[in-house]
>>> print(open('data.pdb').read())   # PDB, C-alpha atoms
ATOM      1  CA  MET A   1     100.814  84.610 114.859
ATOM      2  CA  ASN A   2     100.617  85.587 111.172
ATOM      3  CA  GLU A   3      98.407  88.636 111.499
ATOM      4  CA  PRO A   4      97.484  90.741 108.491
ATOM      5  CA  HIS A   5      99.289  94.062 108.263
ATOM      6  CA  ASN A   6      97.804  96.624 105.865
ATOM      7  CA  GLY A   7      95.859  93.851 104.124
ATOM      8  CA  TYR A   8      98.865  91.533 103.812
ATOM      9  CA  ILE A   9      99.977  88.461 105.690
ATOM     10  CA  ASN A  10     103.297  89.106 107.387
ATOM     11  CA  ASN A  11     106.165  87.693 105.306
ATOM     12  CA  ARG A  12     107.468  85.877 108.397
ATOM     13  CA  VAL A  13     105.561  82.857 107.061
ATOM     14  CA  LEU A  14     108.484  82.504 104.635
ATOM     15  CA  LYS A  15     110.990  82.166 107.485
ATOM     16  CA  ILE A  16     111.036  78.493 108.357
ATOM     17  CA  GLN A  17     112.682  77.023 111.435
ATOM     18  CA  VAL A  18     114.623  73.968 110.173
ATOM     19  CA  GLY A  19     116.850  73.401 113.224
ATOM     20  CA  PHE A  20     114.936  70.215 114.029
ATOM     21  CA  LEU A  21     115.724  68.888 110.547
ATOM     22  CA  LEU A  22     119.405  69.805 110.859
ATOM     23  CA  ASN A  23     119.544  67.847 114.140
ATOM     24  CA  GLU A  24     118.166  64.749 112.400
ATOM     25  CA  GLY A  25     120.347  62.603 110.180
ATOM     26  CA  VAL A  26     121.252  63.297 106.571
ATOM     27  CA  GLY A  27     118.499  62.109 104.243
ATOM     28  CA  GLN A  28     115.647  63.142 106.535
ATOM     29  CA  SER A  29     112.954  65.297 104.942
ATOM     30  CA  ARG A  30     109.760  67.176 105.730
ATOM     31  CA  ASP A  31     106.998  68.413 103.465
ATOM     32  CA  MET A  32     105.582  71.893 103.963
ATOM     33  CA  GLU A  33     102.218  73.055 102.658
ATOM     34  CA  PHE A  34     101.516  76.701 101.850
ATOM     35  CA  ASP A  35      98.054  78.228 101.578
ATOM     36  CA  VAL A  36      98.602  81.902 102.289
ATOM     37  CA  PRO A  37      96.416  84.804 101.167
ATOM     38  CA  ARG A  38      97.798  88.174 100.046
ATOM     39  CA  LEU A  39     101.495  88.252 100.937
ATOM     40  CA  ARG A  40     104.079  90.995 100.545
ATOM     41  CA  VAL A  41     107.336  89.159  99.805
ATOM     42  CA  ALA A  42     109.422  92.312  99.357
ATOM     43  CA  ASP A  43     108.838  96.034  98.854
ATOM     44  CA  ASP A  44     108.548  95.444  95.108
ATOM     45  CA  LEU A  45     106.590  92.161  95.095
ATOM     46  CA  THR A  46     103.135  91.330  96.406
ATOM     47  CA  LEU A  47     101.533  87.949  95.787
ATOM     48  CA  HIS A  48      97.730  87.646  95.647
ATOM     49  CA  TYR A  49      98.100  84.206  97.238
ATOM     50  CA  LEU A  50     100.704  81.476  97.682
ATOM     51  CA  ARG A  51      99.765  77.786  97.473
ATOM     52  CA  GLY A  52     101.681  74.580  97.027
ATOM     53  CA  SER A  53     104.085  72.278  98.775
ATOM     54  CA  LEU A  54     107.823  72.151  99.259
ATOM     55  CA  ARG A  55     110.003  69.281 100.363
ATOM     56  CA  LEU A  56     112.861  70.192 102.701
ATOM     57  CA  MET A  57     115.598  67.548 102.712
ATOM     58  CA  HIS A  58     118.664  67.509 104.931
ATOM     59  CA  ASN A  59     121.798  66.593 102.994
ATOM     60  CA  SER A  60     125.509  66.821 103.727
ATOM     61  CA  ARG A  61     125.710  70.455 102.562
ATOM     62  CA  GLY A  62     122.521  71.838 104.153
ATOM     63  CA  ILE A  63     118.820  71.851 103.296
ATOM     64  CA  LEU A  64     117.627  71.153  99.750
ATOM     65  CA  VAL A  65     114.296  72.828  99.012
ATOM     66  CA  GLN A  66     112.234  71.425  96.113
ATOM     67  CA  GLY A  67     108.681  71.902  94.912
ATOM     68  CA  THR A  68     106.312  74.161  93.022
ATOM     69  CA  LEU A  69     104.402  77.097  94.418
ATOM     70  CA  HIS A  70     101.351  78.565  92.700
ATOM     71  CA  THR A  71     100.720  82.281  92.911
ATOM     72  CA  SER A  72      99.254  85.298  91.198
ATOM     73  CA  ILE A  73     100.719  88.776  90.845
ATOM     74  CA  GLN A  74      99.480  92.119  89.579
ATOM     75  CA  GLY A  75     100.672  92.791  86.026
ATOM     76  CA  GLU A  76     100.002  94.946  83.026
ATOM     77  CA  CYS A  77      98.751  93.873  79.599
ATOM     78  CA  ALA A  78     101.530  94.327  77.054
ATOM     79  CA  ARG A  79      99.103  95.696  74.439
ATOM     80  CA  CYS A  80      96.462  97.791  76.206
ATOM     81  CA  LEU A  81      98.251  98.460  79.524
ATOM     82  CA  SER A  82      95.229  97.341  81.579
ATOM     83  CA  ASP A  83      95.851  95.868  85.011
ATOM     84  CA  ILE A  84      95.736  92.079  84.926
ATOM     85  CA  SER A  85      96.280  89.200  87.291
ATOM     86  CA  VAL A  86      99.146  86.968  86.120
ATOM     87  CA  GLU A  87      98.955  83.342  87.309
ATOM     88  CA  LEU A  88     102.336  81.671  87.882
ATOM     89  CA  ASP A  89     103.644  78.223  88.753
ATOM     90  CA  VAL A  90     106.985  78.912  90.396
ATOM     91  CA  PRO A  91     109.371  75.940  90.484
ATOM     92  CA  ILE A  92     111.672  75.971  93.500
ATOM     93  CA  GLU A  93     114.873  73.962  93.712
ATOM     94  CA  GLU A  94     117.672  75.411  95.781
ATOM     95  CA  LEU A  95     120.275  74.322  98.303
ATOM     96  CA  PHE A  96     120.381  76.385 101.489
ATOM     97  CA  VAL A  97     123.914  75.833 102.774
ATOM     98  CA  TYR A  98     124.509  74.996 106.425
ATOM     99  CA  PRO A  99     126.626  76.049 108.214
ATOM    100  CA  PRO A 100     126.447  79.496 106.550
ATOM    101  CA  GLN A 101     129.288  80.297 104.170
ATOM    102  CA  PRO A 102     130.149  83.755 102.839
ATOM    103  CA  ASP A 103     130.264  82.619  99.180
ATOM    104  CA  ALA A 104     126.880  80.814  99.267
ATOM    105  CA  GLU A 105     123.907  82.630  97.768
ATOM    106  CA  PHE A 106     121.350  81.036 100.121
ATOM    107  CA  CYS A 107     122.131  79.828 103.642
ATOM    108  CA  VAL A 108     120.375  78.541 106.713
ATOM    109  CA  ALA A 109     121.133  80.999 109.519
ATOM    110  CA  ASP A 110     123.020  79.839 112.612
ATOM    111  CA  SER A 111     119.680  80.083 114.434
ATOM    112  CA  GLY A 112     118.290  77.363 112.107
ATOM    113  CA  VAL A 113     116.012  79.744 110.172
ATOM    114  CA  LEU A 114     115.685  79.304 106.420
ATOM    115  CA  ASP A 115     114.333  82.455 104.715
ATOM    116  CA  LEU A 116     112.439  81.621 101.501
ATOM    117  CA  GLY A 117     111.635  85.292 100.803
ATOM    118  CA  PRO A 118     114.662  86.253  98.657
ATOM    119  CA  LEU A 119     114.502  82.987  96.660
ATOM    120  CA  LEU A 120     110.741  83.276  96.112
ATOM    121  CA  ARG A 121     111.129  86.899  94.982
ATOM    122  CA  GLU A 122     113.879  85.972  92.527
ATOM    123  CA  GLU A 123     112.070  82.953  91.064
ATOM    124  CA  THR A 124     108.750  84.816  90.776
ATOM    125  CA  ILE A 125     110.345  87.694  88.890
ATOM    126  CA  LEU A 126     112.165  85.279  86.579
ATOM    127  CA  ASP A 127     108.937  83.353  85.857
ATOM    128  CA  THR A 128     106.849  86.457  85.138
ATOM    129  CA  PRO A 129     106.149  86.634  81.391
ATOM    130  CA  ILE A 130     107.278  89.815  79.643
ATOM    131  CA  GLY A 131     104.375  89.999  77.196
ATOM    132  CA  ALA A 132     101.383  89.027  79.352
ATOM    133  CA  LEU A 133      98.033  89.818  77.737
ATOM    134  CA  CYS A 134      94.610  90.535  79.247
ATOM    135  CA  LYS A 135      93.136  88.248  76.557
ATOM    136  CA  SER A 136      94.603  86.521  73.512
ATOM    137  CA  ASP A 137      92.832  88.821  71.028
ATOM    138  CA  CYS A 138      93.612  92.081  72.842
ATOM    139  CA  ALA A 139      93.279  94.961  70.351
ATOM    140  CA  GLY A 140      95.716  97.210  72.201
ATOM    141  CA  LEU A 141      95.830 100.994  72.119
ATOM    142  CA  CYS A 142      95.278 103.359  69.195
ATOM    143  CA  PRO A 143      98.750 104.611  68.194
ATOM    144  CA  ASN A 144      97.350 108.112  67.588
ATOM    145  CA  CYS A 145      94.936 108.910  70.417
ATOM    146  CA  GLY A 146      95.803 106.155  72.911
ATOM    147  CA  LYS A 147      92.242 104.865  73.319
ATOM    148  CA  ASN A 148      91.882 101.276  74.486
ATOM    149  CA  LEU A 149      90.544  99.571  71.344
ATOM    150  CA  ASN A 150      89.038  96.749  73.426
ATOM    151  CA  GLU A 151      86.431  99.292  74.550
ATOM    152  CA  GLY A 152      85.448 100.149  70.982
ATOM    153  CA  PRO A 153      86.851 101.943  67.940
ATOM    154  CA  CYS A 154      88.294 105.435  68.119
ATOM    155  CA  ASP A 155      87.641 108.396  65.787
ATOM    156  CA  CYS A 156      91.168 108.520  64.312
ATOM    157  CA  GLU A 157      91.810 108.476  60.547
ATOM    158  CA  ARG A 158      93.141 105.069  59.503
ATOM    159  CA  ASN A 159      94.617 106.241  56.178
ATOM    160  CA  GLU A 160      97.635 107.872  57.768
ATOM    161  CA  ILE A 161     100.898 106.047  57.181
ATOM    162  CA  ASP A 162     103.923 106.215  59.355
ATOM    163  CA  PRO A 163     106.513 108.253  57.394
ATOM    164  CA  ARG A 164     109.161 105.664  58.289
ATOM    165  CA  LEU A 165     107.160 103.054  56.370
ATOM    166  CA  ALA A 166     106.251 105.200  53.334
ATOM    167  CA  ALA A 167     108.998 103.647  51.180
ATOM    168  CA  LEU A 168     107.798 100.160  52.087
ATOM    169  CA  LYS A 169     104.215 101.124  51.213
ATOM    170  CA  ALA A 170     105.380 102.415  47.814
ATOM    171  CA  LEU A 171     107.257  99.152  47.186
ATOM    172  CA  GLN A 172     104.157  97.144  48.132
ATOM    173  CA  GLU A 173     101.992  99.132  45.711
ATOM    174  CA  GLU A 174     104.586  98.651  42.929
ATOM    175  CA  MET A 175     104.677  94.882  43.581
ATOM    176  CA  GLN A 176     100.857  94.693  43.416
ATOM    177  CA  LYS A 177     100.860  96.392  39.997
ATOM    178  CA  LYS A 178     103.126  93.692  38.560
TER
END
>>> encode(input="data.pdb", output="structure tokens")
Amino acid sequence: MNEPHNGYINNRVLKIQVGFLLNEGVGQSRDMEFDVPRLRVADDLTLHYLRGSLRLMHNSRGILVQGTLHTSIQGECARCLSDISVELDVPIEELFVYPPQPDAEFCVADSGVLDLGPLLREETILDTPIGALCKSDCAGLCPNCGKNLNEGPCDCERNEIDPRLAALKALQEEMQKK
């Protein structure tokens, strides 16, 4: 059913048949549990795993989806550029309109299928921190040679000053004399 393809679970697990819920009365709900290994949500987003639960509730405008999904994505340290795994808790709260309307961002298809993929992609990207670090005391890269300073010191001279900061250095030295 959900066979791996190139090491990934098929993203069809994010397409949920909710026709049964639409046929029940307003106010009815169902909880869905996710425990999915490596999942390609879109061409530009792969999740290491997807865990958590969502509540799907039928209301007068469609299906309200609420919950939190836990995942991990491949990232890059903002200081040393090493590959890192970024853990995320992705809050989900969105109304999937039914019947589909052209001005609605998310809709349940006429077939009764609710596709979580685009919403999950959007929320994951929004929740990804810009300055993720491999560790809190990451030393970064040497600005001269580019060596990863977490692996040890480099052989660069440390006395060089950026010419753009020379005036500030002179001011600092003058202030120290006073």
>>> residues_around(input="data.pdb", residues="Gly67 of chain A", least_positions_apart="5", cutoff="12 Å", atoms="all atoms listed in the file", output="compact mmCIF listing (two decimals) with C-alpha atoms, in the frame of the given file")
# COMPACT_ATOMS: atom_id res chain seq x y z
CA ARG A 30 109.76 67.18 105.73
CA ASP A 31 107.00 68.41 103.46
CA MET A 32 105.58 71.89 103.96
CA GLU A 33 102.22 73.06 102.66
CA PHE A 34 101.52 76.70 101.85
CA ARG A 51 99.76 77.79 97.47
CA GLY A 52 101.68 74.58 97.03
CA SER A 53 104.08 72.28 98.78
CA LEU A 54 107.82 72.15 99.26
CA ARG A 55 110.00 69.28 100.36
CA LEU A 56 112.86 70.19 102.70
CA MET A 57 115.60 67.55 102.71
CA ASP A 89 103.64 78.22 88.75
CA VAL A 90 106.98 78.91 90.40
CA PRO A 91 109.37 75.94 90.48
CA ILE A 92 111.67 75.97 93.50
CA GLU A 93 114.87 73.96 93.71
CA GLU A 94 117.67 75.41 95.78
CA LEU A 120 110.74 83.28 96.11
>>> closest_residue(input="data.pdb", among="A:Gln17, A:Gln28, A:Gln172, A:Ser82", to="Cys138 of chain A", atoms="only C-alpha atoms")
A:Ser82
>>> residues_around(input="data.pdb", residues="segment 146-162 of chain A", least_positions_apart="2", cutoff="10 Å", atoms="all atoms listed in the file", output="list of chain:residue names")
A:Arg79, A:Cys80, A:Leu81, A:Ser82, A:Lys135, A:Asp137, A:Cys138, A:Ala139, A:Gly140, A:Leu141, A:Cys142, A:Pro143, A:Asn144, A:Arg164, A:Leu165, A:Ala166, A:Ala167, A:Lys169
>>> residues_around(input="data.pdb", residues="Cys107 of chain A", least_positions_apart="5", cutoff="9 Å", atoms="only C-alpha atoms", output="ChimeraX atom specification")
/A:62-63,95-102,113-115
>>> write_last_selection(input="data.pdb", atoms="C-alpha atoms", output="PDB file, in the frame of the given file")
ATOM      1  CA  GLY A  62     122.521  71.838 104.153  1.00  0.00           C
ATOM      2  CA  ILE A  63     118.820  71.851 103.296  1.00  0.00           C
ATOM      3  CA  LEU A  95     120.275  74.322  98.303  1.00  0.00           C
ATOM      4  CA  PHE A  96     120.381  76.385 101.489  1.00  0.00           C
ATOM      5  CA  VAL A  97     123.914  75.833 102.774  1.00  0.00           C
ATOM      6  CA  TYR A  98     124.509  74.996 106.425  1.00  0.00           C
ATOM      7  CA  PRO A  99     126.626  76.049 108.214  1.00  0.00           C
ATOM      8  CA  PRO A 100     126.447  79.496 106.550  1.00  0.00           C
ATOM      9  CA  GLN A 101     129.288  80.297 104.170  1.00  0.00           C
ATOM     10  CA  PRO A 102     130.149  83.755 102.839  1.00  0.00           C
ATOM     11  CA  VAL A 113     116.012  79.744 110.172  1.00  0.00           C
ATOM     12  CA  LEU A 114     115.685  79.304 106.420  1.00  0.00           C
ATOM     13  CA  ASP A 115     114.333  82.455 104.715  1.00  0.00           C
TER      14      ASP A 115
END
>>> atom_distance(input="data.pdb", atom1="atom CA of Asn59 of chain A", atom2="atom CA of Glu123 of chain A")
22.5 Å
>>> residues_near_point(input="data.pdb", point="(110.0, 87.3, 101.4)", cutoff="8 Å", atoms="all atoms listed in the file", output="list in words")
Asn11, Arg12, Leu14, Arg40, Val41, Ala42, Asp115, Leu116, Gly117, Pro118, Leu119, Leu120 and Arg121 of chain A
>>> atom_distance(input="data.pdb", atom1="atom CA of Leu39 of chain A", atom2="atom CA of Ile9 of chain A")
5.0 Å
>>> resolve_selection(input="data.pdb", expression="the PyMOL selection byres ((chain A and resi 36) around 7)", output="MDAnalysis selection string")
chainID A and resid 34:35 37:38 49:51
>>> axis_aligned_box(input="data.pdb", around="segment 15-26 of chain A", padding_each_side="4 Å", output="lines of an AutoDock Vina configuration file")
center_x = 116.1
center_y = 72.4
center_z = 110.4
size_x = 18.3
size_y = 27.6
size_z = 15.6
>>> atom_distance(input="data.pdb", atom1="atom CA of Ala104 of chain A", atom2="atom CA of Val65 of chain A")
14.9 Å
>>> closest_residue(input="data.pdb", among="A:Asp110, A:Ile16, A:Ile125, A:Leu21", to="Thr46 of chain A", atoms="only C-alpha atoms")
A:Ile125
>>> closest_residue(input="data.pdb", among="A:Ala78, A:Arg61, A:Gly131, A:Val86", to="Phe106 of chain A", atoms="only C-alpha atoms")
A:Arg61
>>> resolve_selection(input="data.pdb", expression="the PyMOL selection byres ((chain A and resi 84) around 9)", output="ChimeraX atom specification")
/A:73-77,81-83,85-86,132-134
>>> closest_residue(input="data.pdb", among="A:Lys178, A:His48, A:His58, A:His70", to="Gly25 of chain A", atoms="all atoms listed in the file")
A:His58
>>> decode(input="data.pdb", residues="segment 16-147 of chain A", atoms="C-alpha atoms", output="PDB file, in the first residue's frame")
ATOM      1  CA  ILE A  16      -6.729  11.296   3.363  1.00  0.00           C
ATOM      2  CA  GLN A  17     -10.161  10.074   2.327  1.00  0.00           C
ATOM      3  CA  VAL A  18     -12.630  12.113   4.434  1.00  0.00           C
ATOM      4  CA  GLY A  19     -15.817  11.366   2.466  1.00  0.00           C
ATOM      5  CA  PHE A  20     -17.111   9.263   5.359  1.00  0.00           C
ATOM      6  CA  LEU A  21     -16.700  12.252   7.685  1.00  0.00           C
ATOM      7  CA  LEU A  22     -18.450  14.591   5.245  1.00  0.00           C
ATOM      8  CA  ASN A  23     -21.401  12.162   5.138  1.00  0.00           C
ATOM      9  CA  GLU A  24     -21.697  12.288   8.935  1.00  0.00           C
ATOM     10  CA  GLY A  25     -23.256  15.249  10.694  1.00  0.00           C
ATOM     11  CA  VAL A  26     -21.565  18.545  11.475  1.00  0.00           C
ATOM     12  CA  GLY A  27     -19.541  18.289  14.677  1.00  0.00           C
ATOM     13  CA  GLN A  28     -18.329  14.744  14.030  1.00  0.00           C
ATOM     14  CA  SER A  29     -14.576  14.216  14.289  1.00  0.00           C
ATOM     15  CA  ARG A  30     -11.879  11.591  13.851  1.00  0.00           C
ATOM     16  CA  ASP A  31      -8.337  11.446  15.163  1.00  0.00           C
ATOM     17  CA  MET A  32      -5.529  10.349  12.865  1.00  0.00           C
ATOM     18  CA  GLU A  33      -2.154   9.088  14.041  1.00  0.00           C
ATOM     19  CA  PHE A  34       0.982   9.442  11.924  1.00  0.00           C
ATOM     20  CA  ASP A  35       4.138   7.385  12.373  1.00  0.00           C
ATOM     21  CA  VAL A  36       5.800   7.483   8.977  1.00  0.00           C
ATOM     22  CA  PRO A  37       9.497   7.006   8.222  1.00  0.00           C
ATOM     23  CA  ARG A  38      11.379   8.988   5.565  1.00  0.00           C
ATOM     24  CA  LEU A  39       8.799  10.860   3.489  1.00  0.00           C
ATOM     25  CA  ARG A  40       9.210  13.088   0.452  1.00  0.00           C
ATOM     26  CA  VAL A  41       6.479  15.724   0.807  1.00  0.00           C
ATOM     27  CA  ALA A  42       7.474  17.680  -2.304  1.00  0.00           C
ATOM     28  CA  ASP A  43      10.437  17.897  -4.674  1.00  0.00           C
ATOM     29  CA  ASP A  44      12.085  20.392  -2.325  1.00  0.00           C
ATOM     30  CA  LEU A  45      11.160  18.850   1.049  1.00  0.00           C
ATOM     31  CA  THR A  46      12.028  15.487   2.559  1.00  0.00           C
ATOM     32  CA  LEU A  47      11.131  14.623   6.140  1.00  0.00           C
ATOM     33  CA  HIS A  48      13.257  12.115   8.080  1.00  0.00           C
ATOM     34  CA  TYR A  49      10.062  10.979   9.811  1.00  0.00           C
ATOM     35  CA  LEU A  50       6.563  12.246  10.576  1.00  0.00           C
ATOM     36  CA  ARG A  51       4.873  11.514  13.915  1.00  0.00           C
ATOM     37  CA  GLY A  52       1.920  12.931  15.762  1.00  0.00           C
ATOM     38  CA  SER A  53      -1.834  13.140  15.668  1.00  0.00           C
ATOM     39  CA  LEU A  54      -4.366  15.324  13.923  1.00  0.00           C
ATOM     40  CA  ARG A  55      -8.029  15.811  14.666  1.00  0.00           C
ATOM     41  CA  LEU A  56     -10.296  16.113  11.627  1.00  0.00           C
ATOM     42  CA  MET A  57     -13.605  17.792  12.473  1.00  0.00           C
ATOM     43  CA  HIS A  58     -16.542  18.259  10.131  1.00  0.00           C
ATOM     44  CA  ASN A  59     -18.022  21.744  10.398  1.00  0.00           C
ATOM     45  CA  SER A  60     -20.435  23.751   8.275  1.00  0.00           C
ATOM     46  CA  ARG A  61     -17.665  24.980   5.947  1.00  0.00           C
ATOM     47  CA  GLY A  62     -15.684  21.740   5.508  1.00  0.00           C
ATOM     48  CA  ILE A  63     -13.062  19.846   7.500  1.00  0.00           C
ATOM     49  CA  LEU A  64     -11.047  21.574  10.228  1.00  0.00           C
ATOM     50  CA  VAL A  65      -7.644  19.955  10.727  1.00  0.00           C
ATOM     51  CA  GLN A  66      -5.883  20.572  14.065  1.00  0.00           C
ATOM     52  CA  GLY A  67      -2.883  19.062  15.799  1.00  0.00           C
ATOM     53  CA  THR A  68       0.892  18.978  15.979  1.00  0.00           C
ATOM     54  CA  LEU A  69       3.201  16.853  13.888  1.00  0.00           C
ATOM     55  CA  HIS A  70       6.790  16.127  14.888  1.00  0.00           C
ATOM     56  CA  THR A  71       9.425  15.791  12.205  1.00  0.00           C
ATOM     57  CA  SER A  72      13.060  16.242  11.330  1.00  0.00           C
ATOM     58  CA  ILE A  73      14.583  17.728   8.192  1.00  0.00           C
ATOM     59  CA  GLN A  74      18.070  18.031   6.756  1.00  0.00           C
ATOM     60  CA  GLY A  75      19.548  21.478   7.405  1.00  0.00           C
ATOM     61  CA  GLU A  76      22.801  23.353   7.457  1.00  0.00           C
ATOM     62  CA  CYS A  77      24.552  24.930  10.440  1.00  0.00           C
ATOM     63  CA  ALA A  78      24.454  28.709  10.096  1.00  0.00           C
ATOM     64  CA  ARG A  79      28.056  29.055  11.328  1.00  0.00           C
ATOM     65  CA  CYS A  80      30.078  26.107  10.022  1.00  0.00           C
ATOM     66  CA  LEU A  81      27.805  24.949   7.168  1.00  0.00           C
ATOM     67  CA  SER A  82      27.865  21.318   8.360  1.00  0.00           C
ATOM     68  CA  ASP A  83      24.862  19.141   7.601  1.00  0.00           C
ATOM     69  CA  ILE A  84      22.561  18.873  10.602  1.00  0.00           C
ATOM     70  CA  SER A  85      19.237  17.326  11.462  1.00  0.00           C
ATOM     71  CA  VAL A  86      16.699  19.984  12.493  1.00  0.00           C
ATOM     72  CA  GLU A  87      13.915  18.746  14.799  1.00  0.00           C
ATOM     73  CA  LEU A  88      10.567  20.518  14.354  1.00  0.00           C
ATOM     74  CA  ASP A  89       7.168  20.545  16.028  1.00  0.00           C
ATOM     75  CA  VAL A  90       4.817  21.667  13.279  1.00  0.00           C
ATOM     76  CA  PRO A  91       1.469  23.030  14.492  1.00  0.00           C
ATOM     77  CA  ILE A  92      -1.365  22.398  12.049  1.00  0.00           C
ATOM     78  CA  GLU A  93      -4.643  24.290  12.112  1.00  0.00           C
ATOM     79  CA  GLU A  94      -6.401  24.782   8.813  1.00  0.00           C
ATOM     80  CA  LEU A  95      -9.881  24.642   7.334  1.00  0.00           C
ATOM     81  CA  PHE A  96     -10.206  22.528   4.198  1.00  0.00           C
ATOM     82  CA  VAL A  97     -13.283  23.959   2.489  1.00  0.00           C
ATOM     83  CA  TYR A  98     -15.974  21.645   1.150  1.00  0.00           C
ATOM     84  CA  PRO A  99     -17.440  21.852  -1.418  1.00  0.00           C
ATOM     85  CA  PRO A 100     -14.318  23.173  -3.203  1.00  0.00           C
ATOM     86  CA  GLN A 101     -14.313  26.896  -3.920  1.00  0.00           C
ATOM     87  CA  PRO A 102     -11.963  28.683  -6.318  1.00  0.00           C
ATOM     88  CA  ASP A 103     -10.945  31.354  -3.765  1.00  0.00           C
ATOM     89  CA  ALA A 104     -10.135  28.867  -0.959  1.00  0.00           C
ATOM     90  CA  GLU A 105      -6.477  28.058  -0.363  1.00  0.00           C
ATOM     91  CA  PHE A 106      -7.142  24.494   0.852  1.00  0.00           C
ATOM     92  CA  CYS A 107     -10.115  22.378  -0.221  1.00  0.00           C
ATOM     93  CA  VAL A 108     -11.413  18.856   0.074  1.00  0.00           C
ATOM     94  CA  ALA A 109     -11.684  17.489  -3.468  1.00  0.00           C
ATOM     95  CA  ASP A 110     -15.069  16.441  -4.853  1.00  0.00           C
ATOM     96  CA  SER A 111     -13.837  12.854  -4.461  1.00  0.00           C
ATOM     97  CA  GLY A 112     -13.596  13.424  -0.671  1.00  0.00           C
ATOM     98  CA  VAL A 113      -9.775  13.442  -0.603  1.00  0.00           C
ATOM     99  CA  LEU A 114      -8.006  15.927   1.649  1.00  0.00           C
ATOM    100  CA  ASP A 115      -4.358  16.460   0.618  1.00  0.00           C
ATOM    101  CA  LEU A 116      -2.178  17.459   3.596  1.00  0.00           C
ATOM    102  CA  GLY A 117       0.980  17.665   1.452  1.00  0.00           C
ATOM    103  CA  PRO A 118       0.861  21.355   0.422  1.00  0.00           C
ATOM    104  CA  LEU A 119      -0.136  22.486   3.944  1.00  0.00           C
ATOM    105  CA  LEU A 120       2.545  20.344   5.604  1.00  0.00           C
ATOM    106  CA  ARG A 121       5.180  21.673   3.187  1.00  0.00           C
ATOM    107  CA  GLU A 122       4.176  25.275   3.873  1.00  0.00           C
ATOM    108  CA  GLU A 123       4.049  24.910   7.665  1.00  0.00           C
ATOM    109  CA  THR A 124       7.342  22.983   7.802  1.00  0.00           C
ATOM    110  CA  ILE A 125       9.162  25.636   5.794  1.00  0.00           C
ATOM    111  CA  LEU A 126       7.691  28.400   7.957  1.00  0.00           C
ATOM    112  CA  ASP A 127       8.732  26.602  11.171  1.00  0.00           C
ATOM    113  CA  THR A 128      12.300  25.910  10.026  1.00  0.00           C
ATOM    114  CA  PRO A 129      14.679  28.179  11.964  1.00  0.00           C
ATOM    115  CA  ILE A 130      16.900  30.434   9.859  1.00  0.00           C
ATOM    116  CA  GLY A 131      19.945  30.254  12.127  1.00  0.00           C
ATOM    117  CA  ALA A 132      20.031  26.580  13.145  1.00  0.00           C
ATOM    118  CA  LEU A 133      23.316  25.531  14.746  1.00  0.00           C
ATOM    119  CA  CYS A 134      25.052  22.146  14.958  1.00  0.00           C
ATOM    120  CA  LYS A 135      25.799  22.953  18.624  1.00  0.00           C
ATOM    121  CA  SER A 136      25.336  26.058  20.757  1.00  0.00           C
ATOM    122  CA  ASP A 137      29.078  26.817  20.928  1.00  0.00           C
ATOM    123  CA  CYS A 138      29.794  26.241  17.229  1.00  0.00           C
ATOM    124  CA  ALA A 139      33.057  28.023  16.337  1.00  0.00           C
ATOM    125  CA  GLY A 140      32.130  28.482  12.684  1.00  0.00           C
ATOM    126  CA  LEU A 141      34.512  28.871   9.766  1.00  0.00           C
ATOM    127  CA  CYS A 142      37.790  30.784   9.569  1.00  0.00           C
ATOM    128  CA  PRO A 143      37.027  33.962   7.582  1.00  0.00           C
ATOM    129  CA  ASN A 144      40.384  33.683   5.783  1.00  0.00           C
ATOM    130  CA  CYS A 145      40.922  30.029   4.873  1.00  0.00           C
ATOM    131  CA  GLY A 146      37.422  28.617   5.438  1.00  0.00           C
ATOM    132  CA  LYS A 147      38.507  25.809   7.772  1.00  0.00           C
TER     133      LYS A 147
END
